[in-house]
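Asks: Contents of work.cif (mmCIF, C-alpha atoms and all ligand atoms) are below:
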```
data_final
loop_
_atom_site.group_PDB
_atom_site.id
_atom_site.type_symbol
_atom_site.label_atom_id
_atom_site.label_comp_id
_atom_site.auth_asym_id
_atom_site.auth_seq_id
_atom_site.Cartn_x
_atom_site.Cartn_y
_atom_site.Cartn_z
ATOM 1 C CA VAL A 1 118.259 91.547 116.017
ATOM 2 C CA SER A 2 117.343 89.881 112.770
ATOM 3 C CA THR A 3 117.173 91.829 109.557
ATOM 4 C CA GLN A 4 113.725 92.150 108.013
ATOM 5 C CA LEU A 5 113.457 91.771 104.232
ATOM 6 C CA LEU A 6 110.546 93.937 103.040
ATOM 7 C CA TYR A 7 109.218 94.416 99.538
ATOM 8 C CA THR A 8 106.481 97.035 99.687
ATOM 9 C CA VAL A 9 106.283 100.713 100.562
ATOM 10 C CA GLU A 10 103.535 99.977 103.109
ATOM 11 C CA GLU A 11 105.677 97.371 104.906
ATOM 12 C CA VAL A 12 108.720 99.604 105.142
ATOM 13 C CA ARG A 13 106.653 102.623 106.236
ATOM 14 C CA SER A 14 105.094 100.577 109.020
ATOM 15 C CA ALA A 15 108.454 99.126 110.207
ATOM 16 C CA VAL A 16 109.947 102.632 110.258
ATOM 17 C CA ALA A 17 106.929 104.084 112.095
ATOM 18 C CA LYS A 18 107.263 101.416 114.768
ATOM 19 C CA ALA A 19 110.994 102.113 115.223
ATOM 20 C CA ARG A 20 110.358 105.838 115.369
ATOM 21 C CA SER A 21 107.668 105.466 118.031
ATOM 22 C CA ALA A 22 110.147 103.383 120.024
ATOM 23 C CA GLY A 23 112.402 106.443 119.965
ATOM 24 C CA ARG A 24 114.852 105.310 117.263
ATOM 25 C CA THR A 25 116.385 107.630 114.685
ATOM 26 C CA ILE A 26 116.309 106.302 111.151
ATOM 27 C CA GLY A 27 119.259 105.945 108.776
ATOM 28 C CA CYS A 28 118.980 105.030 105.114
ATOM 29 C CA VAL A 29 121.601 103.496 102.816
ATOM 30 C CA PRO A 30 120.338 103.524 99.214
ATOM 31 C CA THR A 31 121.998 100.873 97.023
ATOM 32 C CA MET A 32 121.493 98.925 93.843
ATOM 33 C CA GLY A 33 122.493 95.650 95.470
ATOM 34 C CA ALA A 34 125.562 93.579 94.545
ATOM 35 C CA LEU A 35 126.793 94.792 97.908
ATOM 36 C CA HIS A 36 130.499 94.898 98.749
ATOM 37 C CA ALA A 37 132.661 96.196 101.587
ATOM 38 C CA GLY A 38 132.153 99.778 100.362
ATOM 39 C CA HIS A 39 128.409 99.471 101.000
ATOM 40 C CA GLY A 40 129.306 97.695 104.240
ATOM 41 C CA ALA A 41 131.085 100.857 105.398
ATOM 42 C CA LEU A 42 128.011 102.989 104.643
ATOM 43 C CA ILE A 43 125.878 100.586 106.714
ATOM 44 C CA ASP A 44 128.479 100.631 109.542
ATOM 45 C CA TRP A 45 128.340 104.418 109.741
ATOM 46 C CA SER A 46 124.582 104.356 110.201
ATOM 47 C CA VAL A 47 124.520 101.390 112.606
ATOM 48 C CA GLU A 48 127.358 102.854 114.666
ATOM 49 C CA ALA A 49 125.387 106.102 114.918
ATOM 50 C CA GLY A 50 122.749 104.010 116.709
ATOM 51 C CA GLU A 51 120.222 104.342 113.901
ATOM 52 C CA PHE A 52 117.497 101.954 112.799
ATOM 53 C CA THR A 53 119.199 101.305 109.470
ATOM 54 C CA VAL A 54 117.215 100.714 106.297
ATOM 55 C CA VAL A 55 119.247 99.491 103.314
ATOM 56 C CA THR A 56 117.383 99.869 100.036
ATOM 57 C CA VAL A 57 118.250 97.412 97.266
ATOM 58 C CA PHE A 58 116.770 98.501 93.970
ATOM 59 C CA VAL A 59 118.328 98.359 90.502
ATOM 60 C CA ASN A 60 116.754 101.549 89.244
ATOM 61 C CA PRO A 61 115.951 101.093 85.545
ATOM 62 C CA ILE A 62 115.519 104.815 84.828
ATOM 63 C CA GLN A 63 119.137 105.680 85.674
ATOM 64 C CA PHE A 64 120.701 103.342 83.113
ATOM 65 C CA ASP A 65 121.588 104.915 79.788
ATOM 66 C CA ARG A 66 122.589 101.563 78.255
ATOM 67 C CA LYS A 67 120.390 98.470 78.296
ATOM 68 C CA GLU A 68 123.451 96.142 78.411
ATOM 69 C CA ASP A 69 124.570 97.831 81.619
ATOM 70 C CA TYR A 70 121.123 97.387 83.231
ATOM 71 C CA ASP A 71 120.950 93.748 82.119
ATOM 72 C CA ALA A 72 124.459 93.049 83.458
ATOM 73 C CA TYR A 73 123.528 94.531 86.840
ATOM 74 C CA ALA A 74 122.499 91.222 88.367
ATOM 75 C CA ILE A 75 121.623 91.531 92.024
ATOM 76 C CA SER A 76 122.120 88.728 94.480
ATOM 77 C CA LEU A 77 119.485 89.476 97.088
ATOM 78 C CA PRO A 78 120.239 86.567 99.467
ATOM 79 C CA ALA A 79 123.930 87.517 99.649
ATOM 80 C CA ASP A 80 122.986 91.174 100.024
ATOM 81 C CA VAL A 81 120.628 90.401 102.911
ATOM 82 C CA ASP A 82 123.396 88.342 104.577
ATOM 83 C CA LEU A 83 125.812 91.267 104.345
ATOM 84 C CA CYS A 84 123.194 93.666 105.752
ATOM 85 C CA ALA A 85 122.432 91.274 108.602
ATOM 86 C CA ALA A 86 126.128 90.839 109.423
ATOM 87 C CA ARG A 87 126.507 94.616 109.589
ATOM 88 C CA GLY A 88 123.455 95.074 111.819
ATOM 89 C CA ALA A 89 120.989 96.691 109.402
ATOM 90 C CA ALA A 90 117.397 96.516 110.635
ATOM 91 C CA VAL A 91 115.619 96.389 107.270
ATOM 92 C CA VAL A 92 116.413 95.562 103.669
ATOM 93 C CA PHE A 93 113.866 97.223 101.418
ATOM 94 C CA ALA A 94 113.819 95.556 97.994
ATOM 95 C CA PRO A 95 110.907 96.992 96.031
ATOM 96 C CA SER A 96 109.836 95.763 92.610
ATOM 97 C CA VAL A 97 110.076 97.967 89.523
ATOM 98 C CA GLU A 98 106.247 98.079 89.415
ATOM 99 C CA GLY A 99 106.176 99.051 93.090
ATOM 100 C CA MET A 100 108.449 102.027 92.442
ATOM 101 C CA TYR A 101 107.119 102.987 89.010
ATOM 102 C CA PRO A 102 103.490 101.912 88.750
ATOM 103 C CA GLU A 103 101.716 102.508 85.463
ATOM 104 C CA GLY A 104 101.108 106.209 85.032
ATOM 105 C CA PHE A 105 104.202 107.311 86.954
ATOM 106 C CA ALA A 106 104.967 110.743 85.483
ATOM 107 C CA THR A 107 107.348 112.758 87.681
ATOM 108 C CA ALA A 108 111.058 113.512 87.307
ATOM 109 C CA VAL A 109 113.475 115.257 89.657
ATOM 110 C CA GLU A 110 116.428 116.985 88.047
ATOM 111 C CA VAL A 111 119.393 119.139 89.060
ATOM 112 C CA PRO A 112 120.485 120.270 85.604
ATOM 113 C CA ALA A 113 123.130 122.756 86.765
ATOM 114 C CA LEU A 114 125.226 119.972 88.303
ATOM 115 C CA ALA A 115 124.501 117.252 85.753
ATOM 116 C CA GLN A 116 125.997 118.671 82.549
ATOM 117 C CA ASN A 117 129.643 117.663 82.981
ATOM 118 C CA LEU A 118 131.654 114.544 84.018
ATOM 119 C CA CYS A 119 129.380 111.447 84.044
ATOM 120 C CA GLY A 120 126.375 113.624 83.171
ATOM 121 C CA ALA A 121 127.912 114.506 79.814
ATOM 122 C CA PHE A 122 128.313 110.854 78.836
ATOM 123 C CA ARG A 123 125.244 109.273 80.433
ATOM 124 C CA PRO A 124 122.168 111.156 79.218
ATOM 125 C CA GLY A 125 119.322 111.025 81.732
ATOM 126 C CA HIS A 126 121.412 109.171 84.324
ATOM 127 C CA PHE A 127 121.309 111.797 87.054
ATOM 128 C CA ARG A 128 117.625 112.548 86.441
ATOM 129 C CA GLY A 129 117.010 108.864 87.155
ATOM 130 C CA VAL A 130 119.223 108.975 90.256
ATOM 131 C CA ALA A 131 117.653 112.153 91.677
ATOM 132 C CA THR A 132 114.157 110.847 91.009
ATOM 133 C CA VAL A 133 114.689 107.489 92.702
ATOM 134 C CA VAL A 134 116.606 108.964 95.657
ATOM 135 C CA ALA A 135 113.830 111.540 96.227
ATOM 136 C CA LYS A 136 111.322 108.672 96.227
ATOM 137 C CA LEU A 137 113.393 106.479 98.556
ATOM 138 C CA LEU A 138 113.948 109.339 101.002
ATOM 139 C CA ASN A 139 110.217 110.063 100.995
ATOM 140 C CA ILE A 140 109.377 106.412 101.570
ATOM 141 C CA VAL A 141 111.856 105.833 104.398
ATOM 142 C CA GLN A 142 111.920 109.409 105.784
ATOM 143 C CA PRO A 143 115.300 108.954 107.474
ATOM 144 C CA GLN A 144 117.107 111.592 109.500
ATOM 145 C CA ALA A 145 120.372 110.632 107.769
ATOM 146 C CA ALA A 146 121.200 109.062 104.395
ATOM 147 C CA TYR A 147 124.632 107.712 103.448
ATOM 148 C CA PHE A 148 126.390 107.918 100.078
ATOM 149 C CA GLY A 149 129.909 107.032 98.948
ATOM 150 C CA GLU A 150 132.395 109.658 97.775
ATOM 151 C CA LYS A 151 133.324 107.461 94.823
ATOM 152 C CA ASP A 152 130.184 108.780 93.152
ATOM 153 C CA ALA A 153 131.076 112.357 94.019
ATOM 154 C CA GLN A 154 128.975 113.980 91.302
ATOM 155 C CA GLN A 155 125.966 111.938 92.406
ATOM 156 C CA LEU A 156 126.630 113.079 95.968
ATOM 157 C CA ALA A 157 126.800 116.760 94.942
ATOM 158 C CA ILE A 158 123.525 116.403 93.042
ATOM 159 C CA ILE A 159 121.770 114.663 95.937
ATOM 160 C CA ARG A 160 122.984 117.302 98.414
ATOM 161 C CA GLN A 161 121.702 120.072 96.150
ATOM 162 C CA MET A 162 118.370 118.312 95.633
ATOM 163 C CA ALA A 163 117.894 117.718 99.364
ATOM 164 C CA ALA A 164 118.664 121.383 100.112
ATOM 165 C CA ASP A 165 116.519 122.762 97.282
ATOM 166 C CA LEU A 166 113.520 120.574 98.137
ATOM 167 C CA ASN A 167 113.892 121.135 101.921
ATOM 168 C CA LEU A 168 114.111 117.386 102.534
ATOM 169 C CA PRO A 169 114.535 116.952 106.299
ATOM 170 C CA VAL A 170 117.505 114.619 105.961
ATOM 171 C CA ARG A 171 121.228 114.925 106.633
ATOM 172 C CA ILE A 172 123.207 113.720 103.624
ATOM 173 C CA VAL A 173 126.348 111.983 104.924
ATOM 174 C CA SER A 174 129.295 111.251 102.632
ATOM 175 C CA VAL A 175 131.588 108.312 103.317
ATOM 176 C CA PRO A 176 135.158 108.074 101.930
ATOM 177 C CA THR A 177 135.753 105.657 99.060
ATOM 178 C CA GLY A 178 136.661 102.128 100.111
ATOM 179 C CA ARG A 179 139.624 100.676 98.230
ATOM 180 C CA GLU A 180 141.217 97.310 97.515
ATOM 181 C CA PHE A 181 144.754 96.702 98.806
ATOM 182 C CA ASP A 182 146.146 98.064 95.527
ATOM 183 C CA GLY A 183 144.045 101.236 95.505
ATOM 184 C CA LEU A 184 141.255 100.147 93.153
ATOM 185 C CA ALA A 185 138.004 101.783 94.297
ATOM 186 C CA LEU A 186 135.440 99.222 95.466
ATOM 187 C CA SER A 187 132.647 98.923 92.917
ATOM 188 C CA SER A 188 130.062 96.352 91.929
ATOM 189 C CA ARG A 189 131.407 96.713 88.393
ATOM 190 C CA ASN A 190 134.840 95.355 89.400
ATOM 191 C CA ARG A 191 133.281 91.875 89.226
ATOM 192 C CA ARG A 192 133.057 92.271 85.468
ATOM 193 C CA LEU A 193 136.820 92.764 84.976
ATOM 194 C CA SER A 194 138.837 89.918 83.484
ATOM 195 C CA GLU A 195 141.922 88.821 85.410
ATOM 196 C CA ALA A 196 144.172 90.810 83.093
ATOM 197 C CA GLU A 197 141.957 93.906 83.352
ATOM 198 C CA ARG A 198 141.842 93.576 87.138
ATOM 199 C CA ARG A 199 145.653 93.771 87.210
ATOM 200 C CA ILE A 200 145.623 97.002 85.184
ATOM 201 C CA ALA A 201 142.632 98.624 86.911
ATOM 202 C CA PRO A 202 144.476 100.139 89.949
ATOM 203 C CA LEU A 203 146.410 102.372 87.555
ATOM 204 C CA LEU A 204 143.370 104.662 87.497
ATOM 205 C CA TYR A 205 143.779 105.438 91.193
ATOM 206 C CA GLN A 206 147.572 105.566 90.947
ATOM 207 C CA ALA A 207 147.308 108.158 88.148
ATOM 208 C CA LEU A 208 144.800 110.263 90.128
ATOM 209 C CA ASP A 209 147.053 110.030 93.159
ATOM 210 C CA ALA A 210 149.993 111.321 91.097
ATOM 211 C CA GLY A 211 147.780 114.297 90.184
ATOM 212 C CA ARG A 212 147.054 114.843 93.852
ATOM 213 C CA ARG A 213 150.799 114.838 94.615
ATOM 214 C CA LYS A 214 151.342 117.421 91.876
ATOM 215 C CA ILE A 215 148.835 119.698 93.640
ATOM 216 C CA GLY A 216 150.427 118.854 97.004
ATOM 217 C CA ASN A 217 153.744 120.005 95.543
ATOM 218 C CA GLY A 218 152.253 123.379 94.714
ATOM 219 C CA SER A 219 150.773 123.140 91.221
ATOM 220 C CA ARG A 220 147.682 125.334 90.907
ATOM 221 C CA ASP A 221 147.091 124.792 87.189
ATOM 222 C CA PRO A 222 144.347 122.232 86.359
ATOM 223 C CA ALA A 223 145.760 121.650 82.861
ATOM 224 C CA GLU A 224 149.171 120.769 84.295
ATOM 225 C CA VAL A 225 147.584 118.353 86.772
ATOM 226 C CA GLN A 226 145.484 116.802 84.007
ATOM 227 C CA ARG A 227 148.622 116.271 81.911
ATOM 228 C CA VAL A 228 150.343 114.373 84.732
ATOM 229 C CA VAL A 229 147.370 112.039 85.193
ATOM 230 C CA LEU A 230 146.740 111.530 81.477
ATOM 231 C CA THR A 231 150.366 110.732 80.730
ATOM 232 C CA ILE A 232 150.194 107.834 83.179
ATOM 233 C CA LEU A 233 146.847 106.552 81.920
ATOM 234 C CA GLU A 234 147.710 106.871 78.258
ATOM 235 C CA ALA A 235 150.827 104.767 78.766
ATOM 236 C CA GLU A 236 148.454 101.827 79.277
ATOM 237 C CA PRO A 237 146.789 101.127 75.926
ATOM 238 C CA ALA A 238 144.018 99.024 77.505
ATOM 239 C CA PHE A 239 142.550 102.134 79.167
ATOM 240 C CA ARG A 240 140.245 104.421 77.190
ATOM 241 C CA VAL A 241 139.802 107.628 79.146
ATOM 242 C CA GLU A 242 136.301 109.077 78.910
ATOM 243 C CA TYR A 243 136.886 112.210 80.951
ATOM 244 C CA LEU A 244 139.450 113.580 83.333
ATOM 245 C CA GLU A 245 138.764 116.868 85.082
ATOM 246 C CA VAL A 246 139.823 118.960 88.033
ATOM 247 C CA VAL A 247 136.627 120.198 89.702
ATOM 248 C CA ASP A 248 135.691 122.004 92.896
ATOM 249 C CA ALA A 249 135.015 119.484 95.647
ATOM 250 C CA ARG A 250 131.574 120.787 96.604
ATOM 251 C CA ARG A 251 129.747 121.245 93.300
ATOM 252 C CA MET A 252 132.008 119.178 91.051
ATOM 253 C CA GLN A 253 132.358 121.950 88.468
ATOM 254 C CA ALA A 254 135.558 122.610 86.475
ATOM 255 C CA VAL A 255 137.940 125.150 87.976
ATOM 256 C CA GLU A 256 140.296 127.485 86.154
ATOM 257 C CA SER A 257 142.805 127.583 88.960
ATOM 258 C CA ILE A 258 143.214 125.502 92.075
ATOM 259 C CA HIS A 259 142.561 127.787 95.031
ATOM 260 C CA GLU A 260 140.076 125.692 97.028
ATOM 261 C CA ASP A 261 139.648 121.976 97.731
ATOM 262 C CA VAL A 262 139.227 120.112 94.457
ATOM 263 C CA ARG A 263 138.645 116.604 93.246
ATOM 264 C CA ILE A 264 140.420 115.083 90.298
ATOM 265 C CA ALA A 265 137.681 112.955 88.749
ATOM 266 C CA ALA A 266 137.951 110.432 85.928
ATOM 267 C CA ALA A 267 136.026 107.795 84.035
ATOM 268 C CA ALA A 268 137.859 105.230 81.941
ATOM 269 C CA TRP A 269 136.899 102.089 80.088
ATOM 270 C CA LEU A 270 138.774 98.826 80.455
ATOM 271 C CA GLY A 271 137.345 96.581 77.763
ATOM 272 C CA SER A 272 133.579 96.723 78.261
ATOM 273 C CA THR A 273 133.743 97.893 81.886
ATOM 274 C CA ARG A 274 133.487 101.546 82.784
ATOM 275 C CA LEU A 275 135.364 102.568 85.925
ATOM 276 C CA ILE A 276 135.068 105.878 87.740
ATOM 277 C CA ASP A 277 137.144 107.264 90.565
ATOM 278 C CA ASN A 278 138.190 110.556 92.115
ATOM 279 C CA VAL A 279 140.553 111.869 94.753
ATOM 280 C CA LEU A 280 140.096 114.805 97.092
ATOM 281 C CA CYS A 281 142.933 117.330 97.026
ATOM 282 C CA ARG A 282 143.014 119.782 99.884
ATOM 283 C CA VAL A 283 144.752 123.116 99.346
HETATM 284 O O1 LIG A 301 124.868 104.822 93.928
HETATM 285 C C1 LIG A 301 123.955 104.004 93.702
HETATM 286 O O2 LIG A 301 124.056 102.823 93.979
HETATM 287 C C2 LIG A 301 122.680 104.501 93.040
HETATM 288 O O3 LIG A 301 122.938 105.485 92.101
HETATM 289 C C3 LIG A 301 121.616 104.943 94.034
HETATM 290 C C4 LIG A 301 122.074 106.159 94.838
HETATM 291 C C5 LIG A 301 121.268 103.817 94.974
HETATM 292 C C6 LIG A 301 120.330 105.357 93.291
HETATM 293 O O4 LIG A 301 119.809 104.288 92.570
#
```
Show me the file's structure as structure tokens.
Ligand code: PAF
Replies:
Amino acid sequence: VSTQLLYTVEEVRSAVAKARSAGRTIGCVPTMGALHAGHGALIDWSVEAGEFTVVTVFVNPIQFDRKEDYDAYAISLPADVDLCAARGAAVVFAPSVEGMYPEGFATAVEVPALAQNLCGAFRPGHFRGVATVVAKLLNIVQPQAAYFGEKDAQQLAIIRQMAADLNLPVRIVSVPTGREFDGLALSSRNRRLSEAERRIAPLLYQALDAGRRKIGNGSRDPAEVQRVVLTILEAEPAFRVEYLEVVDARRMQAVESIHEDVRIAAAAWLGSTRLIDNVLCRV
């Protein structure tokens, strides 16, 4: 099967309708392009479930809080299509900005209760932009399942809440974070790291993992866990920690004591690159 590259809502709707009438279930993998093995895993999950898999590639301008970040987010559509084809995706949907936000576009989707802390506290409007575009993409593709990475765990919590609150008939599937050999979470932003920064970057995961071990060894105090992680990160002067929190794994809200599954979630800057990561800690 060859992968179709489609640019308009009408084209993708008609391809999906055809697949559906042939009895296929539809899976959707929303992305912003610059695809890597982490996205590859999301596509694999959908393809292996036997779905007609639609990968959306759209650098969504309304979710960027900094223009430099948007401008640096160069997509490489031909390489992205190759990766999708190699993984067996049926369609790559790459709409234009005008196609998604025609003149007069006036709606926003927001989940304020889950967007105040962590990344939401540092990236004003980011999650409104994410929820809005994901609601649109899910309405365009109308998949039975949509796949998101656990690396963006707050995004995932917000999308789950939105899908439940708006009765979207879609199963939101979360896929564990893909990692490099040294633990660094796969991210399109890793490409921006200098060689020296790339060597330091895995420390973020190593520090979070030390926090997880602390919980595994019985600590139930978020402040104590935070101290363990911060001590490791602060020993590396190149890192500037933006936030580090112990949050409940479902809603990603701070906890006062650790009595349910939590995630330790962090954002840190290395030079001009912002990295995020989190680890799940089961109790
Ligand atoms: O995680 C991403 O790549 C984006 O935030 C998403 C979900 C595709 C929305 O633009």
Asks: Any residue with an atom at most 6 Å from ligand LIG 301 (chain A) counts, using all atoms listed in the file. Which are they? Put them as JSON, numbers by chain.
Replies: {"A": [30, 31, 32, 60, 130, 134]}
Asks: Evaluate the PyMOL selection byres (((chain A and resi 185) around 9) and not hetatm) against this structure - the residues, as a count of residues only, please.
Replies: 16
Asks: Running the PyMOL selection byres (((chain A and resi 160-176) around 10) and not hetatm) on this model by hand, what would come out? Give it as a PyMOL selection string.
Replies: chain A and resi 26-29+38-39+41-42+45-46+109-111+113-114+131-132+134-135+138-139+142-159+177-179+250-251+279-280
Asks: What does the PyMOL selection byres (((chain A and resi 90) around 9) and not hetatm) select in this file, as a list of chain:residue names?
Replies: A:Val1, A:Ser2, A:Thr3, A:Gln4, A:Leu5, A:Val47, A:Glu51, A:Phe52, A:Thr53, A:Val54, A:Val55, A:Cys84, A:Ala85, A:Gly88, A:Ala89, A:Val91, A:Val92
Asks: Residues near region 241-246 of chain A, anyone? I mean within 12 Å using only C-alpha atoms, not counting same-chain ones fewer than 6 positions away, as a VMD selection string.
Replies: chain A and resid 117 to 123 154 203 to 204 207 to 208 211 to 212 215 220 to 235 252 to 271 273 to 281
Asks: Counting all atoms listed in the file, figure out which residue out of A:Arg13, A:Val283, A:Glu195, A:Arg189 gets nearest to Gly218 (chain A).
Replies: A:Val283
Asks: Considering all atoms listed in the file, return as a list in words whatever protein or nucleic-acid residues lie within 9 Å of region 68-76 of chain A, sequence-local ones (same chain, fewer than 3 positions apart) excluded.
Replies: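 My list of contacting residues is Met32, Gly33, Ala34, Leu35, Val57, Phe58, Val59, Asn60, Pro61, Gln63, Phe64, Asp65, Ala79, Asp80, Val81, Ser188, Arg189 and Arg192 of chain A.
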Asks: To one decimal place, how far is CA of Gly129 (chain A) from CA of Ile62 (chain A) in Å?
Replies: 4.9 Å
Asks: Could you check how far CA of Thr56 (chain A) sits from CA of Met100 (chain A), in Å to one decimal?
Replies: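 Computing it gives 11.9 Å between the two atoms.
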Asks: Calculated over only C-alpha atoms, which of the candidates A:Ala49, A:Val9, A:Ala238, A:Ala249 has the smallest distance to Phe93 (chain A)?
Replies: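 Closest to Phe93 (chain A) of all the choices is A:Val9.
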Asks: Between CA of Glu48 (chain A) and CA of Pro95 (chain A), what is the distance, to one decimal in Å?
Replies: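 Computing it gives 25.5 Å between the two atoms.
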Asks: Kindly complete region 128-146 of chain A to N, CA and C atoms; the output should be written as a CSV table (one decimal), keeping the file's coordinate frame.
Replies:
```csv
chain,number,residue,atom,x,y,z
A,128,ARG,N,119.1,112.3,86.2
A,128,ARG,CA,117.6,112.5,86.4
A,128,ARG,C,117.0,111.3,87.1
A,129,GLY,N,117.5,110.1,86.6
A,129,GLY,CA,117.0,108.9,87.2
A,129,GLY,C,117.5,108.7,88.6
A,130,VAL,N,118.7,109.1,88.9
A,130,VAL,CA,119.2,109.0,90.3
A,130,VAL,C,118.5,109.9,91.2
A,131,ALA,N,118.3,111.2,90.8
A,131,ALA,CA,117.7,112.2,91.7
A,131,ALA,C,116.2,111.7,91.9
A,132,THR,N,115.6,111.2,90.9
A,132,THR,CA,114.2,110.8,91.0
A,132,THR,C,114.0,109.7,92.0
A,133,VAL,N,114.8,108.7,91.8
A,133,VAL,CA,114.7,107.5,92.7
A,133,VAL,C,115.1,107.8,94.1
A,134,VAL,N,116.2,108.6,94.3
A,134,VAL,CA,116.6,109.0,95.7
A,134,VAL,C,115.5,109.8,96.4
A,135,ALA,N,114.9,110.7,95.6
A,135,ALA,CA,113.8,111.5,96.2
A,135,ALA,C,112.7,110.6,96.7
A,136,LYS,N,112.4,109.6,95.9
A,136,LYS,CA,111.3,108.7,96.2
A,136,LYS,C,111.7,107.9,97.5
A,137,LEU,N,113.0,107.3,97.4
A,137,LEU,CA,113.4,106.5,98.6
A,137,LEU,C,113.4,107.3,99.9
A,138,LEU,N,113.9,108.5,99.8
A,138,LEU,CA,113.9,109.3,101.0
A,138,LEU,C,112.5,109.7,101.5
A,139,ASN,N,111.6,109.8,100.6
A,139,ASN,CA,110.2,110.1,101.0
A,139,ASN,C,109.6,108.8,101.6
A,140,ILE,N,110.0,107.7,101.1
A,140,ILE,CA,109.4,106.4,101.6
A,140,ILE,C,109.9,106.1,103.0
A,141,VAL,N,111.2,106.2,103.1
A,141,VAL,CA,111.9,105.8,104.4
A,141,VAL,C,111.8,107.0,105.4
A,142,GLN,N,111.9,108.2,104.9
A,142,GLN,CA,111.9,109.4,105.8
A,142,GLN,C,113.0,109.3,106.9
A,143,PRO,N,114.2,109.1,106.5
A,143,PRO,CA,115.3,109.0,107.5
A,143,PRO,C,115.8,110.3,107.9
A,144,GLN,N,116.4,110.3,109.1
A,144,GLN,CA,117.1,111.6,109.5
A,144,GLN,C,118.5,111.7,108.8
A,145,ALA,N,119.1,110.6,108.4
A,145,ALA,CA,120.4,110.6,107.8
A,145,ALA,C,120.4,109.6,106.6
A,146,ALA,N,121.0,110.0,105.5
A,146,ALA,CA,121.2,109.1,104.4
A,146,ALA,C,122.7,109.1,104.0
```
